[in-house]
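Participant: This is my_file_0.cif, which holds mmCIF, C-alpha atoms:
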```cif
data_upload
#
loop_
_atom_site.label_atom_id
_atom_site.label_comp_id
_atom_site.auth_asym_id
_atom_site.auth_seq_id
_atom_site.Cartn_x
_atom_site.Cartn_y
_atom_site.Cartn_z
CA MET V 25 7.16 -13.78 -11.67
CA THR V 26 5.94 -11.90 -14.72
CA VAL V 27 2.41 -12.82 -15.81
CA LEU V 28 1.99 -10.31 -18.63
CA GLU V 29 4.61 -8.56 -20.74
CA VAL V 30 3.67 -6.04 -23.42
CA ARG V 31 6.47 -5.12 -25.81
CA ASN V 32 6.45 -2.33 -28.41
CA LEU V 33 2.75 -2.79 -29.04
CA LYS V 34 1.33 -0.93 -32.03
CA LYS V 35 -2.11 -0.80 -33.60
CA VAL V 36 -3.03 1.06 -36.77
CA TYR V 37 -6.59 1.04 -38.08
CA THR V 38 -7.24 1.67 -41.76
CA THR V 39 -10.54 3.25 -42.75
CA ARG V 40 -12.99 1.23 -44.81
CA PHE V 41 -11.73 2.41 -48.17
CA GLY V 42 -8.10 2.65 -47.11
CA GLY V 43 -7.95 6.42 -47.35
CA ASN V 44 -6.92 7.20 -43.78
CA LYS V 45 -4.96 5.47 -41.07
CA VAL V 46 -5.55 5.92 -37.36
CA GLN V 47 -2.74 5.11 -34.93
CA ALA V 48 -4.54 3.77 -31.85
CA LEU V 49 -1.41 2.44 -30.15
CA SER V 50 2.04 3.68 -31.06
CA ASP V 51 4.54 2.05 -28.67
CA VAL V 52 3.14 0.48 -25.50
CA ASN V 53 5.47 -1.26 -23.07
CA PHE V 54 4.74 -2.55 -19.56
CA THR V 55 4.73 -5.70 -17.45
CA VAL V 56 2.34 -7.09 -14.82
CA GLU V 57 3.77 -9.29 -12.10
CA GLU V 58 2.01 -12.21 -10.47
CA GLY V 59 -0.39 -10.99 -7.76
CA GLU V 60 -0.48 -7.37 -8.97
CA TYR V 61 -3.66 -5.31 -9.19
CA VAL V 62 -3.16 -2.77 -11.98
CA SER V 63 -5.53 -0.12 -13.32
CA ILE V 64 -5.27 1.49 -16.75
CA MET V 65 -6.67 4.98 -17.20
CA GLY V 66 -6.80 7.54 -19.99
CA GLU V 67 -9.10 9.92 -21.79
CA SER V 68 -11.55 8.70 -24.42
CA GLY V 69 -9.59 7.95 -27.58
CA SER V 70 -6.33 7.39 -25.69
CA GLY V 71 -6.08 3.77 -26.84
CA LYS V 72 -6.94 1.97 -23.61
CA THR V 73 -9.93 0.09 -25.07
CA THR V 74 -7.85 -1.00 -28.06
CA LEU V 75 -5.15 -2.14 -25.64
CA LEU V 76 -7.64 -4.16 -23.61
CA ASN V 77 -9.04 -5.83 -26.72
CA ILE V 78 -5.55 -6.91 -27.76
CA LEU V 79 -4.71 -8.16 -24.26
CA ALA V 80 -7.96 -10.13 -24.33
CA ALA V 81 -6.95 -11.71 -27.67
CA LEU V 82 -10.03 -10.17 -29.26
CA ASP V 83 -7.97 -8.09 -31.68
CA LYS V 84 -4.56 -8.41 -33.32
CA PRO V 85 -1.88 -5.71 -33.07
CA THR V 86 -0.11 -4.21 -36.07
CA GLY V 87 3.21 -4.81 -34.35
CA GLY V 88 4.73 -5.86 -31.06
CA GLU V 89 4.20 -8.75 -28.65
CA VAL V 90 1.86 -9.67 -25.80
CA LEU V 91 3.36 -12.43 -23.66
CA LEU V 92 1.14 -14.25 -21.16
CA ARG V 93 3.40 -16.47 -19.06
CA GLY V 94 5.88 -16.32 -21.93
CA VAL V 95 3.38 -17.27 -24.66
CA ASP V 96 2.92 -14.62 -27.35
CA ILE V 97 -0.87 -14.51 -27.69
CA THR V 98 -0.62 -12.47 -30.89
CA THR V 99 0.73 -15.54 -32.73
CA ILE V 100 -1.88 -18.07 -31.58
CA ARG V 101 -3.97 -19.46 -34.41
CA GLU V 102 -7.60 -18.38 -34.72
CA SER V 103 -8.69 -21.99 -34.31
CA GLN V 104 -6.98 -22.16 -30.91
CA ILE V 105 -7.49 -18.66 -29.52
CA SER V 106 -10.94 -19.24 -27.99
CA ALA V 107 -9.69 -22.19 -25.94
CA PHE V 108 -6.56 -20.28 -24.90
CA ARG V 109 -8.66 -17.30 -23.82
CA ARG V 110 -11.07 -19.52 -21.88
CA ASP V 111 -8.30 -21.41 -20.09
CA ASN V 112 -6.06 -18.48 -19.18
CA LEU V 113 -8.13 -15.29 -18.95
CA GLY V 114 -11.11 -14.28 -16.84
CA PHE V 115 -13.34 -11.38 -17.92
CA VAL V 116 -15.51 -8.92 -16.00
CA PHE V 117 -17.45 -6.46 -18.15
CA GLN V 118 -19.39 -3.27 -17.44
CA ASP V 119 -22.63 -4.77 -18.77
CA PHE V 120 -22.04 -8.16 -17.09
CA ASN V 121 -22.37 -10.19 -20.35
CA LEU V 122 -24.67 -12.74 -18.73
CA LEU V 123 -27.11 -14.79 -20.79
CA ASP V 124 -30.68 -14.00 -19.71
CA THR V 125 -31.92 -17.47 -20.68
CA PHE V 126 -29.37 -19.11 -18.34
CA SER V 127 -29.52 -19.18 -14.55
CA LEU V 128 -26.65 -17.55 -12.68
CA GLN V 129 -25.25 -21.00 -12.02
CA ASP V 130 -25.31 -21.93 -15.70
CA ASN V 131 -23.72 -18.59 -16.62
CA ILE V 132 -20.92 -19.18 -14.13
CA LEU V 133 -20.31 -22.75 -15.24
CA LEU V 134 -20.42 -22.02 -18.98
CA PRO V 135 -16.61 -21.76 -19.44
CA LEU V 136 -16.20 -25.15 -17.76
CA VAL V 137 -18.95 -26.70 -19.88
CA LEU V 138 -17.19 -25.46 -23.01
CA ALA V 139 -13.92 -26.90 -21.69
CA GLY V 140 -15.52 -30.34 -21.19
CA VAL V 141 -15.13 -30.39 -17.39
CA THR V 142 -17.17 -33.08 -15.63
CA TYR V 143 -20.27 -32.09 -13.65
CA GLY V 144 -18.72 -33.36 -10.43
CA GLU V 145 -15.67 -31.15 -10.83
CA MET V 146 -17.83 -28.17 -11.80
CA SER V 147 -19.83 -28.55 -8.59
CA GLN V 148 -16.65 -28.79 -6.53
CA ARG V 149 -15.31 -25.58 -8.06
CA LEU V 150 -18.59 -23.67 -7.87
CA LYS V 151 -19.47 -24.19 -4.21
CA PRO V 152 -16.53 -22.38 -2.55
CA ILE V 153 -16.58 -19.54 -5.09
CA ALA V 154 -20.33 -18.96 -4.68
CA GLN V 155 -19.93 -18.98 -0.90
CA ARG V 156 -16.96 -16.64 -1.15
CA LEU V 157 -18.95 -14.15 -3.24
CA GLY V 158 -22.16 -14.46 -1.23
CA ILE V 159 -24.32 -15.70 -4.09
CA SER V 160 -25.00 -19.31 -3.05
CA GLN V 161 -28.71 -18.57 -2.54
CA LEU V 162 -28.99 -16.89 -5.95
CA LEU V 163 -27.60 -19.59 -8.22
CA LYS V 164 -30.98 -20.78 -9.49
CA LYS V 165 -32.16 -17.25 -10.27
CA TYR V 166 -31.90 -15.63 -13.69
CA PRO V 167 -30.02 -12.37 -14.40
CA TYR V 168 -33.26 -10.38 -14.73
CA GLU V 169 -34.28 -11.48 -11.22
CA VAL V 170 -31.25 -10.05 -9.38
CA SER V 171 -29.66 -6.65 -8.83
CA GLY V 172 -26.77 -5.14 -10.76
CA GLY V 173 -24.36 -5.84 -7.93
CA GLU V 174 -25.48 -9.47 -7.77
CA LYS V 175 -25.08 -9.80 -11.54
CA GLN V 176 -21.54 -8.48 -11.28
CA ARG V 177 -20.72 -10.94 -8.49
CA ALA V 178 -21.94 -13.73 -10.77
CA ALA V 179 -19.71 -12.33 -13.51
CA VAL V 180 -16.74 -12.33 -11.12
CA ALA V 181 -17.55 -15.95 -10.19
CA ARG V 182 -17.56 -16.85 -13.89
CA ALA V 183 -14.16 -15.15 -14.27
CA LEU V 184 -12.70 -17.03 -11.29
CA ILE V 185 -14.14 -20.48 -12.01
CA THR V 186 -11.39 -21.38 -14.50
CA ALA V 187 -8.58 -20.26 -12.13
CA PRO V 188 -7.25 -17.82 -14.76
CA GLN V 189 -3.71 -16.49 -15.04
CA LEU V 190 -5.15 -12.98 -15.31
CA ILE V 191 -8.51 -11.29 -14.80
CA LEU V 192 -9.25 -8.47 -17.26
CA ALA V 193 -11.92 -6.06 -16.01
CA ASP V 194 -13.48 -3.51 -18.36
CA GLU V 195 -15.18 -0.65 -16.45
CA PRO V 196 -16.52 -3.19 -13.92
CA THR V 197 -18.20 -0.52 -11.75
CA GLY V 198 -19.68 1.43 -14.67
CA SER V 199 -23.22 0.03 -14.32
CA LEU V 200 -23.31 -0.17 -10.53
CA ASP V 201 -24.67 2.19 -7.88
CA SER V 202 -22.33 3.48 -5.18
CA ARG V 203 -23.15 0.73 -2.68
CA ALA V 204 -22.61 -2.08 -5.21
CA THR V 205 -19.45 -0.32 -6.44
CA ASP V 206 -17.98 -0.28 -2.92
CA ALA V 207 -18.83 -3.97 -2.47
CA LEU V 208 -17.23 -4.94 -5.79
CA LEU V 209 -14.06 -2.95 -5.10
CA ARG V 210 -13.72 -4.62 -1.69
CA LEU V 211 -14.20 -7.97 -3.42
CA PHE V 212 -11.49 -7.22 -5.97
CA GLU V 213 -9.12 -6.25 -3.16
CA GLU V 214 -9.86 -9.51 -1.33
CA ILE V 215 -9.35 -11.81 -4.30
CA ASN V 216 -6.17 -9.90 -5.17
CA ARG V 217 -4.85 -10.41 -1.64
CA GLU V 218 -5.49 -14.12 -2.15
CA GLY V 219 -3.12 -14.04 -5.13
CA GLN V 220 -5.31 -13.30 -8.16
CA THR V 221 -3.68 -10.99 -10.72
CA ILE V 222 -6.07 -8.28 -11.96
CA LEU V 223 -5.80 -5.74 -14.78
CA MET V 224 -8.64 -3.23 -14.87
CA VAL V 225 -9.48 -0.53 -17.41
CA THR V 226 -11.54 2.23 -15.83
CA HIS V 227 -12.58 5.87 -16.01
CA SER V 228 -13.33 5.84 -12.29
CA VAL V 229 -10.74 7.45 -10.03
CA LYS V 230 -12.43 5.74 -7.09
CA ALA V 231 -12.05 2.31 -8.69
CA ALA V 232 -8.43 2.94 -9.68
CA SER V 233 -7.57 4.13 -6.16
CA HIS V 234 -8.18 0.59 -4.89
CA SER V 235 -5.47 -0.90 -7.11
CA ASN V 236 -1.76 -1.17 -6.42
CA ARG V 237 -0.51 0.53 -9.58
CA VAL V 238 -2.10 2.87 -12.12
CA LEU V 239 -0.93 3.20 -15.73
CA PHE V 240 -1.98 6.27 -17.71
CA ILE V 241 -2.36 5.94 -21.48
CA LYS V 242 -2.10 9.01 -23.68
CA ASP V 243 -1.83 9.17 -27.48
CA GLY V 244 -1.33 5.43 -27.69
CA GLU V 245 1.56 5.23 -25.21
CA VAL V 246 2.11 4.73 -21.48
CA PHE V 247 2.37 8.35 -20.37
CA HIS V 248 2.94 7.85 -16.65
CA GLN V 249 2.41 5.38 -13.82
CA ILE V 250 1.80 5.59 -10.09
CA TYR V 251 2.69 2.94 -7.52
CA ARG V 252 0.62 2.78 -4.35
CA GLY V 253 3.52 2.10 -2.03
CA ALA V 254 2.44 3.27 1.42
CA LEU V 255 -0.32 5.55 0.10
CA SER V 256 -3.83 5.25 1.49
CA ASP V 257 -6.82 5.00 -0.86
CA ASP V 258 -7.50 8.70 -0.33
CA GLU V 259 -3.90 9.70 -1.01
CA LEU V 260 -3.76 7.55 -4.13
CA TYR V 261 -7.09 9.03 -5.24
CA GLN V 262 -5.57 12.52 -5.06
CA LYS V 263 -2.43 11.52 -6.96
CA ILE V 264 -4.56 9.94 -9.68
CA THR V 265 -6.70 13.07 -9.93
CA ASP V 266 -3.61 15.27 -10.20
CA THR V 267 -2.10 13.04 -12.90
CA LEU V 268 -5.33 12.99 -14.92
CA THR V 269 -5.24 16.80 -14.89
CA ILE V 270 -1.69 16.70 -16.26
CA VAL V 271 -2.76 14.19 -18.92
CA ALA V 272 -5.71 16.36 -19.94
CA THR V 273 -3.74 19.62 -20.07
CA GLY V 274 -0.69 18.23 -21.82
CA GLY V 275 1.68 18.80 -18.94
CA ASP V 276 5.00 17.11 -18.19
CA ARG V 277 4.59 13.41 -17.43
CA ASN V 278 7.27 13.74 -14.73
CA ALA V 279 5.45 16.54 -12.93
#
```
Can you give me the file's structure in the form of structure tokens?
Facilitator:
Amino acid sequence: MTVLEVRNLKKVYTTRFGGNKVQALSDVNFTVEEGEYVSIMGESGSGKTTLLNILAALDKPTGGEVLLRGVDITTIRESQISAFRRDNLGFVFQDFNLLDTFSLQDNILLPLVLAGVTYGEMSQRLKPIAQRLGISQLLKKYPYEVSGGEKQRAAVARALITAPQLILADEPTGSLDSRATDALLRLFEEINREGQTILMVTHSVKAASHSNRVLFIKDGEVFHQIYRGALSDDELYQKITDTLTIVATGGDRNA
């Protein structure tokens, strides 16, 4: 079943005084099926951040559609978009986006508080997720009292607590050391195997090599894609590296 469908997506930015127009996305088309783990890669300025912002309903496209379970999120009213985002999307950011004045538990539960979920139900949802992510003993601590890897696990818990249709991850390993990166990538693989659909934007070849499909964005379009198939992480890593070289040098997308 298709979770996300992107059709003919375009985004044009106009400079402050309307003198110049910048085409960030020109014609993006792809789908994400239920249970997929997809990475999006591209050079700086390729349009991948703009694409992520539109998929996250944080920005509006100039043209095209973004269908989440058949609902075009580009047409949802501003007054309803926050609730739609909270109920259907989970977010994992490079800089964690945790509130320092809240404990990890309160950070994780915040989406449910905003949704009006009862305390009893929040507790029922939190316990298995915290155990699953190995942070049960850290829930009363504050973000400044734990490591980067532990912060990111709390961020993943916050993303999972609403049982989202799709998790959007923006450079989730960017602020982590190698050990925490390995742990987070294993975690993403595990929750994906359990059925969670994940779409990750990353510069990291290592991170992308843990996904099942990699989309490459160039000049505002999908330039190429790689399916894992029977490839190992190392073999996929090499194919990604080779493709990024083609992207950077302007080679044939079918090479």
Participant: Check which residues satisfy the PyMOL selection byres ((chain V and resi 208-215) around 8) in the file shown, then give them as a list in words.
Facilitator: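 So the PyMOL selection byres ((chain V and resi 208-215) around 8) ends up selecting Leu157, Gly173, Gln176, Arg177, Thr197, Ala204, Thr205, Asp206, Ala207, Asn216, Arg217, Glu218, Gly219, Gln220, Ala231, His234 and Ser235 of chain V.
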Participant: Please compute the atom CA of Pro188 of chain V-atom CA of Thr125 of chain V distance, one decimal, in Å.
Facilitator: 25.4 Å
Participant: Using all atoms listed in the file for the distances, tell me which of V:Ser160, V:Ala193, V:Leu92, V:Val27 is nearest to Asn77 of chain V.
Facilitator: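 Ranked by minimum distance to Asn77 of chain V, first place goes to V:Ala193.
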Participant: Could you expand the PyMOL selection byres ((chain V and resi 131-135) around 8) into the explicit residues it covers here, written as a list in words?
Facilitator: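 So the PyMOL selection byres ((chain V and resi 131-135) around 8) ends up selecting Arg110, Leu122, Leu123, Phe126, Ser127, Leu128, Gln129, Asp130, Leu136, Val137, Leu138, Ala139, Met146, Leu150, Ala178, Ala179, Ala181, Arg182, Ala183, Ile185 and Thr186 of chain V.
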Participant: Neighbours of Gln47 of chain V within 9 Å (all atoms listed in the file; same-chain residues fewer than 5 positions away dropped), as a short mmCIF file (atom, residue, chain, number, x, y, z; two decimals) with C-alpha atoms, in the frame of the given file?
Facilitator:
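Final output, selection.cif:
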```cif
data_model
loop_
_atom_site.label_atom_id
_atom_site.label_comp_id
_atom_site.auth_asym_id
_atom_site.auth_seq_id
_atom_site.Cartn_x
_atom_site.Cartn_y
_atom_site.Cartn_z
CA LYS V 34 1.33 -0.93 -32.03
CA LYS V 35 -2.11 -0.80 -33.60
CA VAL V 36 -3.03 1.06 -36.77
CA TYR V 37 -6.59 1.04 -38.08
CA THR V 38 -7.24 1.67 -41.76
CA GLY V 71 -6.08 3.77 -26.84
CA ASP V 243 -1.83 9.17 -27.48
CA GLY V 244 -1.33 5.43 -27.69
#
```
Participant: Give the answer as one residue: which of V:Glu195, V:Lys242, V:Gln249, V:Ile105 has the shortest atom-to-atom distance to Thr273 of chain V, using all atoms listed in the file?
Facilitator: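 Closest candidate: V:Lys242.
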Participant: Decode the PyMOL selection byres ((chain V and resi 226) around 9) for the given file into explicit residues and return them as a list of chain:residue names.
Facilitator: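 This file, filtered by the PyMOL selection byres ((chain V and resi 226) around 9), leaves V:Ser63, V:Ile64, V:Met65, V:Gly66, V:Ala193, V:Asp194, V:Glu195, V:Pro196, V:Thr197, V:Gly198, V:Met224, V:Val225, V:His227, V:Ser228, V:Val229, V:Ala231, V:Ala232.
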Participant: Rounded to one decimal in Å, what is the spacing between atom CA of Gly88 of chain V and atom CA of Asn44 of chain V?
Facilitator: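 Atom CA of Asn44 of chain V lies at a distance of 21.6 Å from atom CA of Gly88 of chain V.
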Participant: Using all atoms listed in the file, can you list as a VMD selection string the residues within 7 Å of (-30.8, -12.6, -15.1)?
Facilitator: chain V and resid 124 127 to 128 165 to 170
Participant: Have a look at atom CA of Gly59 of chain V and atom CA of Thr221 of chain V and let me know their distance in Å, one decimal.
Facilitator: 4.4 Å
Participant: Can you find the residues with an atom no farther than 12 Å from (3.6, 0.3, -2.3), counting only C-alpha atoms, and report them as a ChimeraX atom specification?
Facilitator: /V:60-61,235-238,250-257,260
Participant: Would you place a box with edges along x, y and z of the file around all atoms of segment 185-189 of chain V listed there, add 4 Å to each of its six sides, and report the centre and edge lengths in Å to one decimal, as lines of an AutoDock Vina configuration file?
Facilitator:
```
center_x = -8.9
center_y = -18.9
center_z = -13.5
size_x = 18.4
size_y = 12.9
size_z = 11.0
```
Participant: Working from the structure I just supplied, which lacks atoms in segment 239-250 of chain V, can you model all heavy atoms there and output them as a compact mmCIF listing (two decimals), in the frame of the given file?
Facilitator:
```txt
# COMPACT_ATOMS: atom_id res chain seq x y z
N LEU V 239 -1.59 2.80 -14.49
CA LEU V 239 -0.93 3.20 -15.73
C LEU V 239 -1.83 4.19 -16.45
O LEU V 239 -3.04 3.99 -16.54
CB LEU V 239 -0.72 1.99 -16.65
CG LEU V 239 0.23 0.89 -16.17
CD1 LEU V 239 0.18 -0.27 -17.15
CD2 LEU V 239 1.64 1.41 -16.05
N PHE V 240 -1.24 5.25 -16.97
CA PHE V 240 -1.98 6.27 -17.71
C PHE V 240 -1.58 6.20 -19.18
O PHE V 240 -0.40 6.30 -19.52
CB PHE V 240 -1.70 7.66 -17.15
CG PHE V 240 -2.12 7.82 -15.71
CD1 PHE V 240 -1.24 7.47 -14.69
CD2 PHE V 240 -3.38 8.28 -15.39
CE1 PHE V 240 -1.63 7.59 -13.36
CE2 PHE V 240 -3.77 8.41 -14.06
CZ PHE V 240 -2.89 8.06 -13.05
N ILE V 241 -2.58 6.02 -20.04
CA ILE V 241 -2.36 5.94 -21.48
C ILE V 241 -2.72 7.28 -22.12
O ILE V 241 -3.78 7.84 -21.84
CB ILE V 241 -3.21 4.82 -22.11
CG1 ILE V 241 -2.92 3.48 -21.45
CG2 ILE V 241 -2.95 4.74 -23.62
CD1 ILE V 241 -1.53 2.95 -21.65
N LYS V 242 -1.83 7.78 -22.94
CA LYS V 242 -2.10 9.01 -23.68
C LYS V 242 -1.50 8.90 -25.07
O LYS V 242 -0.33 8.51 -25.22
CB LYS V 242 -1.51 10.23 -22.96
CG LYS V 242 -1.79 11.55 -23.69
CD LYS V 242 -1.23 12.74 -22.92
CE LYS V 242 -1.56 14.04 -23.65
NZ LYS V 242 -1.03 15.22 -22.94
N ASP V 243 -2.30 9.21 -26.08
CA ASP V 243 -1.83 9.17 -27.48
C ASP V 243 -1.18 7.84 -27.82
O ASP V 243 -0.16 7.78 -28.51
CB ASP V 243 -0.85 10.32 -27.75
CG ASP V 243 -1.48 11.69 -27.54
OD1 ASP V 243 -2.71 11.80 -27.75
OD2 ASP V 243 -0.76 12.62 -27.15
N GLY V 244 -1.79 6.76 -27.32
CA GLY V 244 -1.33 5.43 -27.69
C GLY V 244 -0.06 4.96 -27.02
O GLY V 244 0.54 3.97 -27.45
N GLU V 245 0.37 5.64 -25.94
CA GLU V 245 1.56 5.23 -25.21
C GLU V 245 1.31 5.29 -23.71
O GLU V 245 0.37 5.95 -23.25
CB GLU V 245 2.75 6.15 -25.54
CG GLU V 245 3.19 6.15 -26.98
CD GLU V 245 4.41 7.02 -27.19
OE1 GLU V 245 5.19 7.21 -26.22
OE2 GLU V 245 4.60 7.53 -28.30
N VAL V 246 2.16 4.59 -22.94
CA VAL V 246 2.11 4.73 -21.48
C VAL V 246 2.75 6.06 -21.14
O VAL V 246 3.95 6.27 -21.34
CB VAL V 246 2.85 3.57 -20.79
CG1 VAL V 246 2.85 3.81 -19.27
CG2 VAL V 246 2.18 2.24 -21.09
N PHE V 247 1.94 6.99 -20.65
CA PHE V 247 2.37 8.35 -20.37
C PHE V 247 3.03 8.46 -18.99
O PHE V 247 4.00 9.19 -18.80
CB PHE V 247 1.15 9.27 -20.44
CG PHE V 247 1.39 10.71 -20.09
CD1 PHE V 247 1.92 11.58 -21.02
CD2 PHE V 247 1.05 11.20 -18.83
CE1 PHE V 247 2.13 12.92 -20.70
CE2 PHE V 247 1.26 12.53 -18.50
CZ PHE V 247 1.79 13.40 -19.44
N HIS V 248 2.48 7.73 -18.04
CA HIS V 248 2.94 7.85 -16.65
C HIS V 248 2.40 6.66 -15.87
O HIS V 248 1.46 5.99 -16.32
CB HIS V 248 2.44 9.16 -16.04
CG HIS V 248 2.99 9.47 -14.68
ND1 HIS V 248 4.33 9.62 -14.44
CD2 HIS V 248 2.37 9.66 -13.49
CE1 HIS V 248 4.52 9.90 -13.15
NE2 HIS V 248 3.35 9.92 -12.55
N GLN V 249 2.98 6.38 -14.71
CA GLN V 249 2.41 5.38 -13.82
C GLN V 249 2.64 5.77 -12.37
O GLN V 249 3.58 6.49 -12.05
CB GLN V 249 2.97 3.99 -14.11
CG GLN V 249 4.46 3.82 -13.92
CD GLN V 249 4.90 2.40 -14.25
OE1 GLN V 249 4.19 1.43 -14.00
NE2 GLN V 249 6.09 2.26 -14.82
N ILE V 250 1.74 5.32 -11.53
CA ILE V 250 1.80 5.59 -10.09
C ILE V 250 1.78 4.26 -9.35
O ILE V 250 0.93 3.40 -9.62
CB ILE V 250 0.61 6.44 -9.61
CG1 ILE V 250 0.60 7.81 -10.28
CG2 ILE V 250 0.63 6.60 -8.09
CD1 ILE V 250 -0.66 8.62 -9.96
```
